Every structure is written in structure tokens, then in C-alpha cells.
Amino acid sequence: MNMGSLRAGWAILGILMLSAPAGAQTKSAVILSTASVGGETITCGCQKKELGGLARRTSFVKTQRAKNPATIVVDAGDFGSHLDFEPWMRTEFQIDMMSKMGYDVVTPGPSEMMMGLEKELALYARAPQIKVVSANIVDKKTQKQLWDDFTVIDRGGVKFAVTGVTDPAAYNFKKTQGQVKSDDFDFKDIKTSLQRVIPQMHQQADVVVVLLHTGSGDAKHLMEGVSGADAVIVGHLPEYKFMPEVVAGTPLVQTGARGQYMGRLELTLNGHKVVRHTGEAQALGETVAVDPEMDGFVKSFNKKYDAMAAKADAAKPKVTPKPIPQETNAPLTPGAGSPN
């Protein structure tokens with residue numbers, strides 16, 4: 001080969017090398033999510049098939065993180081318990097186990113707010129590695145924002161910025177039902193809050209995630225007027241949808257309630273831009289293995305909790321139901337309103 005041909009060959013190779021980074025920059029990022037778990041620790045007791053439980057969720061999270069280090073785990077609120085007996089005990093256990101699972105970010109739901117600010121701050125202090133974010137919840141007395149607008153997490157070479165907003169409707173409803181023990185919170189407008197923080201998030205991260213604690217219909221209406229989010233995790237008893245619903249170009253993940261499913265959204269990035277997504281709500285059923293360590297924690301807790309609940313129930317005064325008056329079957333007399 002003469003020198004001219006050699007130079008030409010190197011030139012062609014150089015062009016190919018310069019064009020290669022476009023493909024090399026493509027990478028994937030995964031968001032695992034829950035919402036409205038309601039303090040559930042084991043499978044849901046469904047009639048057709050058993051779904052959910054902390055032990056299966058733990059196993060699923062471990063498997064997904066092993067497949068892709070660029071994975072975060074988030075919750076859009078209401079992981080706390082709704083039960084009448086010792087709901088806060090179940091709520092504390094839930095965040096303890098979320099900490100063991102390695103959750104990254106949560107935003108408050110009304111179940112975590114019902115005991116007041118002091119109790120809620122103590123709840124989150126149990127898991128200091130889980131970041132709490134909210135762009136619209138403020139202290140009712142001072143009107144100061146209680147948590148950071150958003151946080152940035154660097155995982156597997158991908159920077160995720162995660163914010164959260166909470167609709168006051170569910171919290172206000174709990175107040176009318178007498179379930180809020182200390183009314184310490186006010187709420188800024190959700191849309192205005194998101195429009196304020198999303199541009200800041202884009203300046204610092206590759207992927208912008210919104211934890212949106214509101215109903216499904218309100219979420220869709222809201223996101224039609226808010227741009228810039230790459231993923232939205234919908235909370236507050238969202239309806240279950242197997243695939244993300246795309247609204248104004250943004251995928252909305254809705255995984256139902258009680259921890260029966262876990263959202264898995266995979267985003268493909270070209271450089272620092274999300275170019276496509278795939279995802280599903282993963283059923284935490286028999287095809288998902290039970291993590292033995294988490295299963296042990298859950299069984300130990302439930303044994304103690306159930307014993308306390310049974311003891312409290314036995315101590316309640318027994319109310320004898322009043323007898324129901326017997327109806328007479330005597331035939332109606334003609335002329336007393338009955339047909340002849």
C-alpha cells in the first residue's frame with residue numbers, strides 16, 4: 001500500500017471515529033416506583049391471585065438494580081397506613097423497610113401528614129438516606145417551605161432530578177373526617193410550583209422526574225399545562241395501568257394501590273436528552289421471588305402487630321345487638337289499603 005492510500009485509509013477511519021460517539025452516548029435509565037401502598041406489608045389477599053408484599057418488592061428492586069446501575073426507587077406518597085389500630089406503628093415499619101430496600105426519594109402524602117409536622121419529621125428521620133422533596137407544602141404557621149424543591153441523584157452515569165407536589169384535596173378530606181391530629185400544613189398551587197422548579201431541574205440533570213400526589217384525572221389535566229418533565233409518577237390511589245399513559249409527550253406511571261404492583265419505567269437517553277421510553281406496572285405475584293431476609297422482618301412485625309390488635313379488640317366492651325322486630329305475615333284486610 002502506498003503512502004497516499006494509507007493516508008486516505010486513516011482519514012476514513014478518523015471520520016468513522018468522529019461519528020461513533022453519537023451511538024456510544026446512548027444509555028438507559030430506570031425509575032422504579034410505588035404510590036398509595038397504605039401500610040401494606042404482605043400480599044393483598046385478592047380472590048384471584050396474591051399480589052404485593054414487601055418481600056417480593058425487595059426482590060424485584062434487587063433484580064432491577066443488578067441489571068442496570070442507573071436505577072432509582074421513588075414513592076409518590078401515602079405509603080403510610082390507613083388502618084384504625086396503630087396506623088403510625090405500621091407507617092414507621094413501612095419506612096424502615098423502604099430504607100432497607102434502598103428507596104431514594106419520597107414526597108409526602110396525607111397519610112404521612114395526619115399526625116402533624118413533628119411526628120412526620122421524626123418519621124423521615126428514621127431513614128435519613130431517603131430524600132424527602134416537596135415543591136408546594138409549607139408550614140401553616142410560618143408559610144415557609146418544609147422540604148427541598150427537588151434533589152439530584154447520580155446513578156450509573158445518569159443524573160436524575162426528582163421533585164414532588166401534593167394535592168391538598170385528600171389532606172383536607174382527612175381533616176373533615178377527623179383523621180388529622182395536628183393541622184400543620186398549607187399547600188401552594190401545584191402547577192405554579194412545577195413551572196417554577198422544572199427549568200431549574202433541567203439545568204442540573206439528565207432526567208426530570210415528578211412525584212405527583214393527586215388523582216389520575218387531575219394529573220392528566222395538570223400535565224397538559226406543564227412541560228419539561230421526562231416522567232411523572234402519579235399517586236393518591238391512582239388507577240392501575242399496565243403501560244404508562246402519555247400526556248403532552250410525558251409518560252405518566254400509575255401502579256394502583258396497596259403495593260400490588262411496582263412501576264418500572266425505562267428511559268433511553270441520547271447524550272443528555274430522553275429520546276424514548278418503555279415501561280410497565282410489574283405485578284408482584286408468584287413469578288417474583290420472595291426475599292428471605294425481608295420476609296423474616298415482615299413476619300416478625302406482623303406477629304407482634306396482630307397480637308397487639310387482637311388484645312386491643314378483646315378489651316373492647318361488647319355491644320349486644322338489639323333484637324330486630326319480627327314482621328307479621330297476617331293478610332291485609334280489604335279496605336285497609338290492600339287490593340280486594
# chains A, B, ... in the order shown; residues from 1 in each chain; ligands from 1
>>> select_by_dssp(residues="stretch 64-220 of chain A", states="alpha helix (DSSP H)", output="NGL selection string")
:A and (64-67 or 87-101 or 110-113 or 117-125 or 168-176 or 190-204 or 216-220)
>>> residues_around(residues="A:Ala70", least_positions_apart="4", cutoff="9 Å", atoms="only C-alpha atoms", output="number ranges by chain")
A: 28-31, 65, 154-159
>>> write_last_selection(atoms="C-alpha atoms", output="PDB file, in the first residue's frame")
ATOM      1  CA  SER A  28     -30.762   3.726  29.578  1.00  0.00           C
ATOM      2  CA  ALA A  29     -32.108   4.837  32.951  1.00  0.00           C
ATOM      3  CA  VAL A  30     -34.741   3.091  35.063  1.00  0.00           C
ATOM      4  CA  ILE A  31     -37.274   4.521  37.542  1.00  0.00           C
ATOM      5  CA  ARG A  65     -30.596  -2.710  40.187  1.00  0.00           C
ATOM      6  CA  ASP A 154     -26.274  10.443  40.160  1.00  0.00           C
ATOM      7  CA  ARG A 155     -26.653   6.754  39.380  1.00  0.00           C
ATOM      8  CA  GLY A 156     -24.715   4.791  36.793  1.00  0.00           C
ATOM      9  CA  GLY A 157     -23.614   7.945  34.996  1.00  0.00           C
ATOM     10  CA  VAL A 158     -27.156   9.370  34.769  1.00  0.00           C
ATOM     11  CA  LYS A 159     -28.297  12.378  36.785  1.00  0.00           C
TER      12      LYS A 159
END
>>> closest_residue(among="A:Glu40, A:Asp96, A:Asp84, A:Asp184", to="A:Pro110", atoms="only C-alpha atoms")
A:Asp184
>>> residues_around(residues="stretch 206-218 of chain A", least_positions_apart="4", cutoff="7 Å", atoms="only C-alpha atoms", output="PyMOL selection string")
chain A and resi 76-77+107+109+158-167+201-202+222+229-239+272-273
>>> residues_around(residues="A:Tyr124", least_positions_apart="4", cutoff="12 Å", atoms="only C-alpha atoms", output="VMD selection string")
chain A and resid 80 91 to 96 98 to 99 105 to 108 112 to 113 117 to 120 128 to 133 147
>>> write_last_selection(atoms="N, CA and C atoms", output="PDB file, in the first residue's frame")
ATOM      1  N   GLY A  80     -48.002   5.409  54.105  1.00  0.00           N
ATOM      2  CA  GLY A  80     -48.463   5.227  55.476  1.00  0.00           C
ATOM      3  C   GLY A  80     -49.772   4.461  55.571  1.00  0.00           C
ATOM      4  N   THR A  91     -46.900   2.614  59.767  1.00  0.00           N
ATOM      5  CA  THR A  91     -46.250   3.612  58.915  1.00  0.00           C
ATOM      6  C   THR A  91     -44.750   3.648  59.179  1.00  0.00           C
ATOM      7  N   GLU A  92     -44.375   3.597  60.466  1.00  0.00           N
ATOM      8  CA  GLU A  92     -42.957   3.589  60.817  1.00  0.00           C
ATOM      9  C   GLU A  92     -42.268   2.326  60.292  1.00  0.00           C
ATOM     10  N   PHE A  93     -42.936   1.208  60.407  1.00  0.00           N
ATOM     11  CA  PHE A  93     -42.352  -0.038  59.894  1.00  0.00           C
ATOM     12  C   PHE A  93     -42.176   0.052  58.379  1.00  0.00           C
ATOM     13  N   GLN A  94     -43.139   0.656  57.714  1.00  0.00           N
ATOM     14  CA  GLN A  94     -43.066   0.760  56.263  1.00  0.00           C
ATOM     15  C   GLN A  94     -41.825   1.556  55.826  1.00  0.00           C
ATOM     16  N   ILE A  95     -41.566   2.689  56.453  1.00  0.00           N
ATOM     17  CA  ILE A  95     -40.404   3.475  56.013  1.00  0.00           C
ATOM     18  C   ILE A  95     -39.103   2.800  56.445  1.00  0.00           C
ATOM     19  N   ASP A  96     -39.130   2.070  57.560  1.00  0.00           N
ATOM     20  CA  ASP A  96     -37.939   1.305  57.948  1.00  0.00           C
ATOM     21  C   ASP A  96     -37.573   0.295  56.865  1.00  0.00           C
ATOM     22  N   MET A  98     -38.590   0.421  53.661  1.00  0.00           N
ATOM     23  CA  MET A  98     -38.228   1.156  52.447  1.00  0.00           C
ATOM     24  C   MET A  98     -36.758   1.566  52.504  1.00  0.00           C
ATOM     25  N   SER A  99     -36.293   1.898  53.708  1.00  0.00           N
ATOM     26  CA  SER A  99     -34.883   2.230  53.895  1.00  0.00           C
ATOM     27  C   SER A  99     -33.997   1.030  53.590  1.00  0.00           C
ATOM     28  N   VAL A 105     -36.061   8.519  46.994  1.00  0.00           N
ATOM     29  CA  VAL A 105     -36.814   9.769  47.164  1.00  0.00           C
ATOM     30  C   VAL A 105     -38.281   9.455  47.452  1.00  0.00           C
ATOM     31  N   VAL A 106     -38.898  10.265  48.333  1.00  0.00           N
ATOM     32  CA  VAL A 106     -40.340  10.219  48.559  1.00  0.00           C
ATOM     33  C   VAL A 106     -40.875  11.643  48.578  1.00  0.00           C
ATOM     34  N   THR A 107     -42.180  11.771  48.311  1.00  0.00           N
ATOM     35  CA  THR A 107     -42.874  13.028  48.555  1.00  0.00           C
ATOM     36  C   THR A 107     -44.030  12.726  49.490  1.00  0.00           C
ATOM     37  N   PRO A 108     -44.402  13.653  50.376  1.00  0.00           N
ATOM     38  CA  PRO A 108     -45.415  13.337  51.388  1.00  0.00           C
ATOM     39  C   PRO A 108     -46.812  13.154  50.803  1.00  0.00           C
ATOM     40  N   GLU A 112     -48.975  10.315  55.665  1.00  0.00           N
ATOM     41  CA  GLU A 112     -47.761  10.635  56.403  1.00  0.00           C
ATOM     42  C   GLU A 112     -47.877  11.971  57.134  1.00  0.00           C
ATOM     43  N   MET A 113     -48.920  12.752  56.823  1.00  0.00           N
ATOM     44  CA  MET A 113     -49.067  14.096  57.397  1.00  0.00           C
ATOM     45  C   MET A 113     -50.105  14.148  58.511  1.00  0.00           C
ATOM     46  N   LEU A 117     -46.672  17.894  61.911  1.00  0.00           N
ATOM     47  CA  LEU A 117     -45.320  18.118  61.406  1.00  0.00           C
ATOM     48  C   LEU A 117     -44.254  17.445  62.260  1.00  0.00           C
ATOM     49  N   GLU A 118     -44.354  17.566  63.563  1.00  0.00           N
ATOM     50  CA  GLU A 118     -43.313  16.996  64.437  1.00  0.00           C
ATOM     51  C   GLU A 118     -43.189  15.492  64.238  1.00  0.00           C
ATOM     52  N   LYS A 119     -44.324  14.807  64.201  1.00  0.00           N
ATOM     53  CA  LYS A 119     -44.309  13.357  64.000  1.00  0.00           C
ATOM     54  C   LYS A 119     -43.795  12.990  62.604  1.00  0.00           C
ATOM     55  N   GLU A 120     -44.163  13.790  61.612  1.00  0.00           N
ATOM     56  CA  GLU A 120     -43.720  13.476  60.257  1.00  0.00           C
ATOM     57  C   GLU A 120     -42.215  13.644  60.115  1.00  0.00           C
ATOM     58  N   PRO A 128     -32.714   8.532  57.123  1.00  0.00           N
ATOM     59  CA  PRO A 128     -32.097   9.776  56.632  1.00  0.00           C
ATOM     60  C   PRO A 128     -31.546   9.687  55.224  1.00  0.00           C
ATOM     61  N   GLN A 129     -31.295   8.469  54.719  1.00  0.00           N
ATOM     62  CA  GLN A 129     -30.765   8.349  53.363  1.00  0.00           C
ATOM     63  C   GLN A 129     -31.855   8.500  52.306  1.00  0.00           C
ATOM     64  N   ILE A 130     -33.125   8.453  52.710  1.00  0.00           N
ATOM     65  CA  ILE A 130     -34.218   8.693  51.772  1.00  0.00           C
ATOM     66  C   ILE A 130     -34.505  10.193  51.739  1.00  0.00           C
ATOM     67  N   LYS A 131     -34.383  10.766  50.572  1.00  0.00           N
ATOM     68  CA  LYS A 131     -34.576  12.206  50.432  1.00  0.00           C
ATOM     69  C   LYS A 131     -36.065  12.528  50.319  1.00  0.00           C
ATOM     70  N   VAL A 132     -36.518  13.519  51.096  1.00  0.00           N
ATOM     71  CA  VAL A 132     -37.905  13.978  51.036  1.00  0.00           C
ATOM     72  C   VAL A 132     -37.939  15.280  50.240  1.00  0.00           C
ATOM     73  N   VAL A 133     -38.810  15.327  49.230  1.00  0.00           N
ATOM     74  CA  VAL A 133     -38.909  16.537  48.406  1.00  0.00           C
ATOM     75  C   VAL A 133     -40.362  16.980  48.321  1.00  0.00           C
ATOM     76  N   TRP A 147     -39.639  21.265  52.783  1.00  0.00           N
ATOM     77  CA  TRP A 147     -38.646  20.366  52.201  1.00  0.00           C
ATOM     78  C   TRP A 147     -38.081  20.975  50.927  1.00  0.00           C
TER      79      TRP A 147
END
>>> closest_residue(among="A:Asn270, A:Thr58, A:Ser134, A:Thr41", to="A:Arg258", atoms="only C-alpha atoms")
A:Thr41
>>> closest_residue(among="A:Cys44, A:Arg196, A:Lys299, A:Phe60", to="A:Met101", atoms="only C-alpha atoms")
A:Phe60
>>> closest_residue(among="A:Lys27, A:Arg57, A:Arg126, A:Lys62", to="A:Gly285", atoms="only C-alpha atoms")
A:Arg57
